[in-house]
>>> print(open('protein_32.txt').read())   # compact mmCIF, C-alpha atoms and all ligand atoms
# COMPACT_ATOMS: atom_id res chain seq x y z
CA MET A 1 101.07 -16.19 78.17
CA THR A 2 100.86 -18.21 81.37
CA ASP A 3 99.58 -16.22 84.32
CA LEU A 4 101.98 -16.77 87.16
CA SER A 5 100.12 -17.71 90.25
CA GLU A 6 100.05 -15.19 93.06
CA LYS A 7 101.96 -17.66 95.16
CA MET A 8 104.85 -18.82 92.96
CA LYS A 9 107.17 -16.08 91.74
CA GLY A 10 110.70 -17.36 92.20
CA PHE A 11 112.44 -20.20 90.34
CA VAL A 12 115.74 -21.38 91.77
CA PHE A 13 117.80 -23.81 89.70
CA ASN A 14 120.72 -25.98 90.66
CA LEU A 15 123.26 -26.23 87.82
CA ASP A 16 125.14 -29.54 87.55
CA GLY A 17 122.69 -32.20 86.37
CA VAL A 18 119.71 -29.82 86.19
CA ILE A 19 120.62 -27.20 83.61
CA VAL A 20 123.60 -28.96 82.02
CA ASP A 21 124.97 -32.46 82.31
CA THR A 22 128.22 -31.36 83.94
CA ALA A 23 127.76 -33.93 86.74
CA LYS A 24 129.29 -36.50 84.37
CA TYR A 25 132.40 -34.34 83.96
CA HIS A 26 132.72 -33.89 87.73
CA TYR A 27 132.50 -37.67 88.10
CA ARG A 28 135.13 -38.23 85.42
CA ALA A 29 137.58 -35.84 87.07
CA TRP A 30 136.98 -37.19 90.61
CA ARG A 31 137.23 -40.74 89.29
CA ARG A 32 140.63 -40.00 87.75
CA LEU A 33 141.78 -38.66 91.11
CA ALA A 34 140.35 -41.64 93.00
CA ASP A 35 142.09 -44.01 90.55
CA GLU A 36 145.42 -42.27 91.15
CA MET A 37 144.93 -42.74 94.88
CA GLY A 38 143.77 -46.33 94.59
CA VAL A 39 140.30 -45.54 95.92
CA ASP A 40 137.37 -47.50 94.54
CA PHE A 41 134.77 -44.99 93.30
CA PRO A 42 131.84 -46.54 91.40
CA ILE A 43 129.43 -44.13 89.71
CA GLU A 44 126.61 -44.85 92.21
CA GLN A 45 128.78 -43.34 94.92
CA HIS A 46 129.00 -40.06 92.99
CA GLU A 47 125.49 -39.23 94.20
CA GLN A 48 127.05 -38.49 97.57
CA LEU A 49 129.33 -35.81 96.10
CA ARG A 50 126.56 -33.93 94.32
CA SER A 51 125.81 -30.70 96.20
CA LEU A 52 129.10 -30.79 98.10
CA SER A 53 131.87 -28.24 97.67
CA ARG A 54 135.14 -29.18 95.98
CA MET A 55 136.98 -29.63 99.29
CA GLU A 56 134.15 -31.58 100.90
CA SER A 57 134.03 -33.86 97.86
CA LEU A 58 137.76 -34.54 98.13
CA GLU A 59 137.44 -35.23 101.84
CA LYS A 60 134.70 -37.80 101.15
CA ILE A 61 136.93 -39.64 98.68
CA LEU A 62 139.78 -39.64 101.19
CA GLU A 63 137.39 -40.95 103.85
CA TRP A 64 136.21 -43.78 101.55
CA GLY A 65 139.83 -44.74 100.88
CA GLY A 66 140.86 -44.42 104.54
CA LEU A 67 143.50 -41.89 103.45
CA TYR A 68 144.99 -38.93 105.28
CA MET A 69 146.28 -35.71 103.72
CA THR A 70 147.63 -32.48 105.12
CA GLU A 71 145.66 -29.31 104.31
CA ALA A 72 148.35 -28.32 101.80
CA GLU A 73 148.09 -31.69 100.04
CA LYS A 74 144.30 -31.39 99.94
CA LEU A 75 144.53 -27.96 98.35
CA HIS A 76 146.97 -29.31 95.79
CA TRP A 77 144.80 -32.29 94.80
CA ALA A 78 141.61 -30.24 94.78
CA ASP A 79 143.39 -27.97 92.32
CA VAL A 80 144.53 -30.90 90.20
CA LYS A 81 140.95 -32.21 90.00
CA ASN A 82 139.71 -28.76 89.10
CA ASN A 83 142.22 -28.46 86.26
CA TRP A 84 141.06 -31.81 84.89
CA TYR A 85 137.44 -30.73 85.24
CA GLN A 86 138.09 -27.41 83.51
CA GLY A 87 139.77 -29.29 80.69
CA LEU A 88 136.60 -31.36 80.27
CA ILE A 89 134.27 -28.35 80.19
CA ALA A 90 136.58 -26.12 78.14
CA ASN A 91 134.70 -26.72 74.93
CA MET A 92 131.14 -26.69 76.23
CA SER A 93 128.64 -25.05 73.93
CA PRO A 94 124.95 -24.05 74.13
CA GLU A 95 124.09 -27.46 72.61
CA GLU A 96 124.95 -29.05 75.95
CA VAL A 97 122.12 -27.31 77.76
CA LEU A 98 119.73 -30.11 78.73
CA PRO A 99 116.60 -30.55 76.57
CA GLY A 100 113.70 -28.25 77.41
CA VAL A 101 115.69 -26.03 79.81
CA LEU A 102 115.94 -22.96 77.59
CA PRO A 103 112.25 -22.90 76.57
CA PHE A 104 111.31 -23.36 80.24
CA LEU A 105 113.54 -20.49 81.40
CA MET A 106 112.18 -18.29 78.64
CA GLU A 107 108.60 -19.12 79.56
CA VAL A 108 109.21 -18.37 83.25
CA ARG A 109 110.68 -14.97 82.44
CA ARG A 110 108.00 -14.11 79.87
CA SER A 111 105.44 -14.86 82.56
CA GLY A 112 107.04 -12.46 85.02
CA GLY A 113 108.83 -15.09 87.13
CA ARG A 114 112.22 -14.31 88.64
CA THR A 115 115.04 -16.80 88.13
CA ALA A 116 118.08 -17.68 90.21
CA LEU A 117 120.94 -20.09 89.68
CA SER A 118 122.29 -21.56 92.90
CA SER A 119 125.22 -23.93 92.62
CA ALA A 120 127.83 -25.38 94.97
CA SER A 121 130.28 -25.21 92.08
CA ARG A 122 132.79 -22.41 91.83
CA ASN A 123 132.83 -23.09 88.10
CA ALA A 124 129.15 -22.19 87.72
CA ARG A 125 129.73 -18.83 86.04
CA ALA A 126 132.16 -20.33 83.54
CA VAL A 127 129.62 -23.02 82.62
CA LEU A 128 126.85 -20.44 82.22
CA ALA A 129 129.12 -18.27 80.08
CA SER A 130 130.14 -21.06 77.72
CA THR A 131 126.55 -22.27 77.34
CA GLN A 132 125.35 -18.66 76.95
CA LEU A 133 122.77 -18.97 79.74
CA GLU A 134 123.80 -16.00 81.89
CA PRO A 135 121.13 -13.63 80.49
CA TYR A 136 118.34 -15.98 81.61
CA PHE A 137 119.06 -15.58 85.33
CA ASP A 138 118.23 -12.56 87.48
CA VAL A 139 120.55 -13.85 90.19
CA ILE A 140 123.62 -16.10 89.93
CA LEU A 141 125.12 -17.62 93.08
CA ASP A 142 128.09 -19.96 92.74
CA GLY A 143 130.01 -22.04 95.28
CA SER A 144 131.58 -18.95 96.81
CA ALA A 145 128.20 -17.61 98.02
CA ALA A 146 127.06 -19.94 100.80
CA ARG A 147 129.23 -20.84 103.79
CA LYS A 148 127.16 -23.81 104.93
CA SER A 149 126.76 -26.77 102.62
CA LYS A 150 123.55 -28.67 101.88
CA PRO A 151 121.39 -29.99 103.49
CA HIS A 152 121.67 -26.56 105.14
CA PRO A 153 119.36 -24.36 103.07
CA GLU A 154 121.68 -21.29 103.10
CA CYS A 155 122.37 -21.39 99.34
CA PHE A 156 118.64 -21.30 98.55
CA GLN A 157 117.92 -18.76 101.28
CA LEU A 158 120.51 -16.43 99.74
CA ALA A 159 118.89 -16.91 96.34
CA ALA A 160 115.41 -16.12 97.71
CA ALA A 161 116.74 -13.05 99.51
CA ALA A 162 118.44 -11.84 96.32
CA LEU A 163 115.15 -12.33 94.44
CA ASP A 164 113.40 -10.49 97.29
CA LEU A 165 110.93 -13.34 97.79
CA PRO A 166 110.05 -15.60 100.74
CA PRO A 167 110.97 -19.31 100.32
CA ALA A 168 107.28 -20.29 100.20
CA GLU A 169 106.94 -18.32 96.95
CA CYS A 170 109.90 -20.06 95.30
CA ILE A 171 110.28 -23.42 93.59
CA VAL A 172 113.71 -25.05 93.79
CA PHE A 173 114.77 -27.45 91.01
CA ASP A 174 117.45 -29.89 92.17
CA ASP A 175 118.60 -33.37 91.15
CA ALA A 176 120.41 -34.39 94.33
CA VAL A 177 119.15 -35.88 97.59
CA LEU A 178 120.97 -33.24 99.66
CA GLY A 179 119.56 -30.44 97.52
CA VAL A 180 116.01 -31.71 97.92
CA GLN A 181 116.52 -31.97 101.67
CA ALA A 182 117.93 -28.43 101.82
CA ALA A 183 114.93 -27.03 99.96
CA ARG A 184 112.51 -28.83 102.28
CA ILE A 185 114.31 -27.66 105.40
CA GLY A 186 114.26 -24.09 104.08
CA GLY A 187 110.50 -24.17 103.41
CA PHE A 188 110.79 -23.99 99.62
CA HIS A 189 108.69 -25.84 97.10
CA ILE A 190 110.84 -28.49 95.51
CA VAL A 191 110.76 -30.18 92.13
CA GLY A 192 113.25 -33.05 91.85
CA ILE A 193 114.94 -33.82 88.56
CA GLY A 194 115.54 -37.55 88.12
CA ASN A 195 113.75 -40.67 89.33
CA PRO A 196 110.94 -40.42 91.92
CA GLU A 197 112.34 -43.38 93.89
CA ASP A 198 115.69 -41.57 94.32
CA LEU A 199 114.13 -38.30 95.50
CA PRO A 200 111.22 -39.25 97.75
CA ALA A 201 111.30 -35.95 99.65
CA ALA A 202 110.55 -33.86 96.55
CA GLU A 203 106.99 -32.60 96.05
CA LEU A 204 107.15 -33.51 92.38
CA VAL A 205 109.83 -35.36 90.39
CA ILE A 206 110.28 -34.91 86.65
CA SER A 207 112.85 -36.57 84.40
CA GLY A 208 113.74 -33.23 82.82
CA PHE A 209 112.14 -30.09 81.42
CA GLU A 210 111.55 -31.44 77.93
CA ASN A 211 107.90 -32.34 78.26
CA TYR A 212 106.82 -29.71 80.75
CA ARG A 213 105.31 -26.28 80.38
CA LEU A 214 105.37 -23.84 83.24
CA ALA A 215 101.63 -24.26 83.81
CA ASP A 216 102.05 -28.04 84.32
CA ILE A 217 104.66 -27.53 87.04
CA LEU A 218 102.74 -24.76 88.79
CA GLU A 219 99.55 -26.75 88.77
CA ALA A 220 101.20 -29.88 90.18
CA VAL A 221 103.15 -28.03 92.87
CA GLU A 222 100.19 -25.94 93.96
CA LYS A 223 97.93 -28.96 94.13
CA LEU A 224 100.41 -30.78 96.35
CA ALA A 225 101.09 -27.68 98.44
CA SER A 226 97.42 -27.29 99.19
CA THR A 227 97.25 -30.82 100.57
CA GLU A 228 100.33 -30.71 102.79
CA HIS A 229 102.50 -28.30 104.75
CA ILE A 230 106.07 -28.09 103.59
CA GLY A 231 109.08 -27.30 105.74
C1 LIG B 1 131.88 -28.76 93.19
C2 LIG B 1 132.49 -30.15 93.46
C3 LIG B 1 131.69 -31.32 92.92
C4 LIG B 1 130.22 -31.13 93.19
C5 LIG B 1 129.76 -29.84 92.52
C6 LIG B 1 128.26 -29.62 92.77
O1 LIG B 1 132.33 -28.16 92.06
O2 LIG B 1 133.80 -30.27 92.95
O3 LIG B 1 132.15 -32.52 93.51
O4 LIG B 1 129.49 -32.23 92.67
O5 LIG B 1 130.46 -28.74 93.08
O6 LIG B 1 127.72 -28.70 91.93
P1 LIG B 1 133.59 -27.15 91.81
O7 LIG B 1 133.57 -25.94 92.69
O8 LIG B 1 134.82 -27.97 92.00
O9 LIG B 1 133.30 -26.83 90.38
>>> encode(input="protein_32.txt", output="structure tokens")
Amino acid sequence: MTDLSEKMKGFVFNLDGVIVDTAKYHYRAWRRLADEMGVDFPIEQHEQLRSLSRMESLEKILEWGGLYMTEAEKLHWADVKNNWYQGLIANMSPEEVLPGVLPFLMEVRRSGGRTALSSASRNARAVLASTQLEPYFDVILDGSAARKSKPHPECFQLAAAALDLPPAECIVFDDAVLGVQAARIGGFHIVGIGNPEDLPAAELVISGFENYRLADILEAVEKLASTEHIG
């Protein structure tokens, strides 16, 4: 069993693109909406919607297209997108959990670490239920929890408070630029999921959990933390 360091006790995970590859379904549903509205929406631009709420994401697409909508129209179209998205995730199964995630979560919990899921998505609980991941989290916070969106660190601060730990004793795992920024601003340790060149503000960037044991991550984060001040 890995001995959890005295310093790192909390593990806060983003959902879409970190635990499951639902980011591709969000893109597909937003893309369908953008197509209907005649807004060009290449996949590279989707990065800017990651971490945003449903309404903020819609507002970005409208901004890109130079379009105006009343609040009632926005609510309607946000709902339409969500129905499309829910159709895409309706048949998700535990096989869609990204490689290495489940062993990593199990190892963290076996070692006495506390786990939180913090997502901007209001569909987070449904995704966790269909992939059978709910039992692996001590705390689950979906898009209804935080009032301020990233890069404000509120979503992670709420997770740390619910875990009863200070940010400096928690590692956040996030795949989006805004999420990494939020973790830094909040004084958390941050492991980026993706490419190092896309997430320069992360302390450590890994491509996924597949080839990592808990001890590897703790060692790397602690080594970096001892050579710099975060926050
Ligand atoms: C929301 C947004 C989506 C964003 C995602 C981040 O999800 O719709 O654009 O990328 O959160 O996790 P929703 O509440 O619609 O599921």
>>> atom_distance(input="protein_32.txt", atom1="atom CA of A:Gln157", atom2="atom CA of A:Thr115")
13.6 Å
>>> closest_residue(input="protein_32.txt", among="A:Ile43, A:Leu52, A:Ile171, A:Val180", to="ligand LIG 1 (chain B)", atoms="all atoms listed in the file")
A:Leu52
>>> axis_aligned_box(input="protein_32.txt", around="ligand LIG 1 (chain B)", padding_each_side="5 Å", output="lines of an AutoDock Vina configuration file")
center_x = 131.3
center_y = -29.2
center_z = 91.9
size_x = 17.1
size_y = 16.6
size_z = 13.1
>>> residues_near_ligand(input="protein_32.txt", ligand="ligand LIG 1 (chain B)", cutoff="9 Å", atoms="all atoms listed in the file", output="VMD selection string")
chain A and resid 14 to 17 22 to 23 26 to 27 29 to 30 46 to 58 78 to 79 81 to 82 85 to 86 119 to 124 142 to 144
>>> residues_around(input="protein_32.txt", residues="stretch 131-141 of chain A", least_positions_apart="5", cutoff="8 Å", atoms="all atoms listed in the file", output="number ranges by chain")
A: 92-97, 105-106, 109, 114-119, 125, 155, 159, 162-163
>>> atom_distance(input="protein_32.txt", atom1="atom CA of A:His189", atom2="atom CA of A:Asp164")
16.1 Å
>>> decode(input="protein_32.txt", residues="stretch 104-176 of chain A", atoms="C-alpha atoms", output="CSV table (one decimal), in the first residue's frame")
chain,number,residue,atom,x,y,z
A,104,PHE,CA,-6.1,5.1,-9.9
A,105,LEU,CA,-9.2,6.0,-7.9
A,106,MET,CA,-9.1,2.7,-6.1
A,107,GLU,CA,-5.5,3.2,-5.2
A,108,VAL,CA,-6.1,6.7,-3.9
A,109,ARG,CA,-8.9,5.4,-1.7
A,110,ARG,CA,-7.0,2.3,-0.5
A,111,SER,CA,-4.2,4.7,0.5
A,112,GLY,CA,-6.6,6.8,2.7
A,113,GLY,CA,-6.9,9.7,0.2
A,114,ARG,CA,-10.2,11.5,-0.1
A,115,THR,CA,-11.7,12.0,-3.6
A,116,ALA,CA,-14.0,14.7,-5.0
A,117,LEU,CA,-15.6,15.1,-8.4
A,118,SER,CA,-16.0,18.8,-9.4
A,119,SER,CA,-17.6,19.4,-12.8
A,120,ALA,CA,-19.2,22.4,-14.5
A,121,SER,CA,-21.7,20.0,-16.0
A,122,ARG,CA,-25.2,19.6,-14.6
A,123,ASN,CA,-25.2,16.1,-16.2
A,124,ALA,CA,-22.2,15.0,-14.0
A,125,ARG,CA,-24.3,12.8,-11.7
A,126,ALA,CA,-26.0,11.1,-14.6
A,127,VAL,CA,-22.6,10.3,-16.2
A,128,LEU,CA,-21.2,9.0,-13.0
A,129,ALA,CA,-24.3,6.8,-12.5
A,130,SER,CA,-24.2,5.3,-15.9
A,131,THR,CA,-20.5,4.6,-15.7
A,132,GLN,CA,-21.0,3.3,-12.1
A,133,LEU,CA,-18.3,5.6,-10.7
A,134,GLU,CA,-20.4,7.2,-7.9
A,135,PRO,CA,-19.1,5.0,-5.1
A,136,TYR,CA,-15.5,6.1,-5.8
A,137,PHE,CA,-16.1,9.7,-4.8
A,138,ASP,CA,-16.5,11.0,-1.3
A,139,VAL,CA,-17.9,14.3,-2.6
A,140,ILE,CA,-19.7,15.0,-5.9
A,141,LEU,CA,-20.2,18.6,-7.0
A,142,ASP,CA,-21.9,19.2,-10.4
A,143,GLY,CA,-22.6,22.4,-12.3
A,144,SER,CA,-25.2,23.5,-9.8
A,145,ALA,CA,-22.7,23.9,-7.0
A,146,ALA,CA,-20.5,26.8,-7.9
A,147,ARG,CA,-21.9,30.2,-8.8
A,148,LYS,CA,-18.7,31.6,-10.3
A,149,SER,CA,-17.2,29.9,-13.3
A,150,LYS,CA,-13.5,29.1,-13.9
A,151,PRO,CA,-10.9,30.6,-13.8
A,152,HIS,CA,-12.5,31.5,-10.5
A,153,PRO,CA,-11.5,28.7,-8.2
A,154,GLU,CA,-14.9,28.4,-6.4
A,155,CYS,CA,-15.7,24.9,-7.7
A,156,PHE,CA,-12.4,23.6,-6.3
A,157,GLN,CA,-12.7,25.6,-3.1
A,158,LEU,CA,-16.1,24.0,-2.5
A,159,ALA,CA,-14.7,20.6,-3.1
A,160,ALA,CA,-11.8,21.2,-0.7
A,161,ALA,CA,-14.2,22.5,2.0
A,162,ALA,CA,-16.4,19.4,1.5
A,163,LEU,CA,-13.3,17.2,1.9
A,164,ASP,CA,-12.4,19.3,5.0
A,165,LEU,CA,-8.9,20.0,3.6
A,166,PRO,CA,-7.0,23.1,2.7
A,167,PRO,CA,-6.3,23.6,-1.1
A,168,ALA,CA,-2.5,23.1,-0.5
A,169,GLU,CA,-3.2,19.5,0.5
A,170,CYS,CA,-5.3,18.8,-2.6
A,171,ILE,CA,-4.3,17.9,-6.1
A,172,VAL,CA,-6.7,18.9,-8.9
A,173,PHE,CA,-6.8,16.9,-12.1
A,174,ASP,CA,-8.1,19.0,-15.0
A,175,ASP,CA,-7.7,18.9,-18.8
A,176,ALA,CA,-8.8,22.5,-19.6
